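A.B. asks: This is the content of final_22.pdb (PDB, C-alpha atoms):
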```pdb
ATOM      1  CA  MET A   1      -3.619  -2.359 -11.160
ATOM      2  CA  LYS A   2      -5.732  -1.212  -8.244
ATOM      3  CA  VAL A   3      -4.364  -1.054  -4.704
ATOM      4  CA  GLU A   4      -6.683  -1.928  -1.830
ATOM      5  CA  LEU A   5      -5.822  -1.108   1.781
ATOM      6  CA  GLU A   6      -7.706  -2.399   4.811
ATOM      7  CA  ALA A   7      -6.724   0.309   7.284
ATOM      8  CA  ASP A   8      -8.500  -1.465  10.148
ATOM      9  CA  LYS A   9      -5.966  -4.320   9.817
ATOM     10  CA  CYS A  10      -2.942  -1.992   9.761
ATOM     11  CA  VAL A  11      -0.467  -2.408  12.636
ATOM     12  CA  ALA A  12       1.454   0.797  11.810
ATOM     13  CA  SER A  13       4.754  -0.869  10.926
ATOM     14  CA  GLY A  14       5.433   1.613   8.114
ATOM     15  CA  GLN A  15       6.849  -1.003   5.759
ATOM     16  CA  CYS A  16       4.475   0.062   2.978
ATOM     17  CA  VAL A  17       5.710   3.656   3.172
ATOM     18  CA  LEU A  18       9.334   2.533   3.034
ATOM     19  CA  ALA A  19       8.620   0.347   0.003
ATOM     20  CA  ALA A  20       6.325   2.725  -1.928
ATOM     21  CA  MET A  21       6.323   6.246  -0.484
ATOM     22  CA  ASP A  22       4.527   7.639  -3.551
ATOM     23  CA  VAL A  23       1.581   5.315  -2.932
ATOM     24  CA  PHE A  24       1.371   5.110   0.875
ATOM     25  CA  ASP A  25       1.664   7.460   3.827
ATOM     26  CA  GLN A  26       0.836   7.209   7.531
ATOM     27  CA  ASP A  27      -1.531   9.240   9.688
ATOM     28  CA  ASP A  28      -0.606  10.646  13.101
ATOM     29  CA  ASP A  29      -1.219   7.231  14.691
ATOM     30  CA  GLY A  30       0.974   5.442  12.136
ATOM     31  CA  ILE A  31      -1.940   3.845  10.303
ATOM     32  CA  ALA A  32      -1.371   3.517   6.564
ATOM     33  CA  ILE A  33      -3.092   5.888   4.170
ATOM     34  CA  LEU A  34      -3.488   5.112   0.485
ATOM     35  CA  LEU A  35      -2.344   8.050  -1.647
ATOM     36  CA  GLU A  36      -2.943   6.422  -5.037
ATOM     37  CA  GLU A  37      -5.518   3.748  -5.723
ATOM     38  CA  GLN A  38      -4.419   3.116  -9.312
ATOM     39  CA  VAL A  39      -0.780   2.279  -9.993
ATOM     40  CA  GLY A  40       0.965   1.943 -13.305
ATOM     41  CA  ASP A  41       3.906  -0.191 -14.300
ATOM     42  CA  SER A  42       6.418   2.324 -12.946
ATOM     43  CA  ARG A  43       5.219   1.805  -9.357
ATOM     44  CA  LEU A  44       4.043  -1.792  -9.560
ATOM     45  CA  ASP A  45       7.236  -3.405  -8.241
ATOM     46  CA  ASP A  46       7.293  -1.071  -5.229
ATOM     47  CA  VAL A  47       3.667  -1.846  -4.397
ATOM     48  CA  LYS A  48       4.285  -5.591  -4.763
ATOM     49  CA  GLU A  49       7.104  -5.206  -2.248
ATOM     50  CA  ALA A  50       4.776  -3.314   0.111
ATOM     51  CA  VAL A  51       2.221  -6.135  -0.174
ATOM     52  CA  ALA A  52       4.894  -8.717   0.628
ATOM     53  CA  LEU A  53       6.306  -6.738   3.570
ATOM     54  CA  CYS A  54       3.004  -5.844   5.251
ATOM     55  CA  PRO A  55       2.941  -7.855   8.505
ATOM     56  CA  ALA A  56      -0.852  -7.533   8.771
ATOM     57  CA  ALA A  57      -1.634  -8.506   5.151
ATOM     58  CA  ALA A  58      -3.654  -5.299   4.896
ATOM     59  CA  ILE A  59      -2.665  -4.469   1.296
ATOM     60  CA  ARG A  60      -3.841  -6.155  -1.907
ATOM     61  CA  LEU A  61      -3.282  -5.632  -5.613
ATOM     62  CA  VAL A  62      -6.316  -6.244  -7.799
ATOM     63  CA  GLU A  63      -6.296  -6.538 -11.576
ATOM     64  CA  GLN A  64      -8.903  -4.510 -13.376
TER      65      GLN A  64
END
```
Using structure tokens, write down the structure from this file.
C.D. replies:
Amino acid sequence: MKVELEADKCVASGQCVLAAMDVFDQDDDGIAILLEEQVGDSRLDDVKEAVALCPAAAIRLVEQ
């Protein structure tokens, strides 16, 4: 699965980092940064949680 992040929508809540710290980080302003664009089964549940928790709906999972 591919992770897409629309950083311009990010409201810096940090929920994505809490849910999937191996996939997301935050810059100095708190805006989300995507560390891994491709995620395997081992991280999929964490990324799905990050998608669900994002208050700005800035994260998507896309099947390839």
A.B. asks: Looking at A:Val3, A:Val11, A:Leu61, A:Leu53, which one is nearest to Phe24 (chain A), with distances taken over all atoms listed in the file?
C.D. replies: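 Of A:Val3, A:Val11, A:Leu61, A:Leu53, the one nearest Phe24 (chain A) is A:Val3, counting all atoms listed in the file.
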A.B. asks: Could you tell me which residues the PyMOL selection byres ((chain A and resi 16) around 9) grabs in this file, written as number ranges by chain?
C.D. replies: A: 13-15, 17-21, 23-25, 32, 46-47, 49-51, 53-54, 59
A.B. asks: CA of Ala12 (chain A) and CA of Gln64 (chain A) are how many Å apart?
C.D. replies: 27.7 Å
A.B. asks: Which one of A:Glu63, A:Glu36, A:Glu6, A:Asp41 sits closest to Asp22 (chain A) if you count all atoms listed in the file?
C.D. replies: A:Glu36
A.B. asks: Please indicate the distance in Å from CA of Arg43 (chain A) to CA of Gln26 (chain A), rounded to one decimal place.
C.D. replies: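 Going from CA of Arg43 (chain A) over to CA of Gln26 (chain A), I get 18.3 Å.
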A.B. asks: Which distance in Å separates CA of Val62 (chain A) and CA of Ile31 (chain A), to one decimal?
C.D. replies: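 These atoms are spaced 21.2 Å apart.
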A.B. asks: Go through A:Ala52, A:Asp28, A:Leu44, A:Glu37 and flag the residue nearest Leu5 (chain A), using all atoms listed in the file for the distances.
C.D. replies: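 Among A:Ala52, A:Asp28, A:Leu44, A:Glu37, it is A:Glu37 that comes nearest to Leu5 (chain A).
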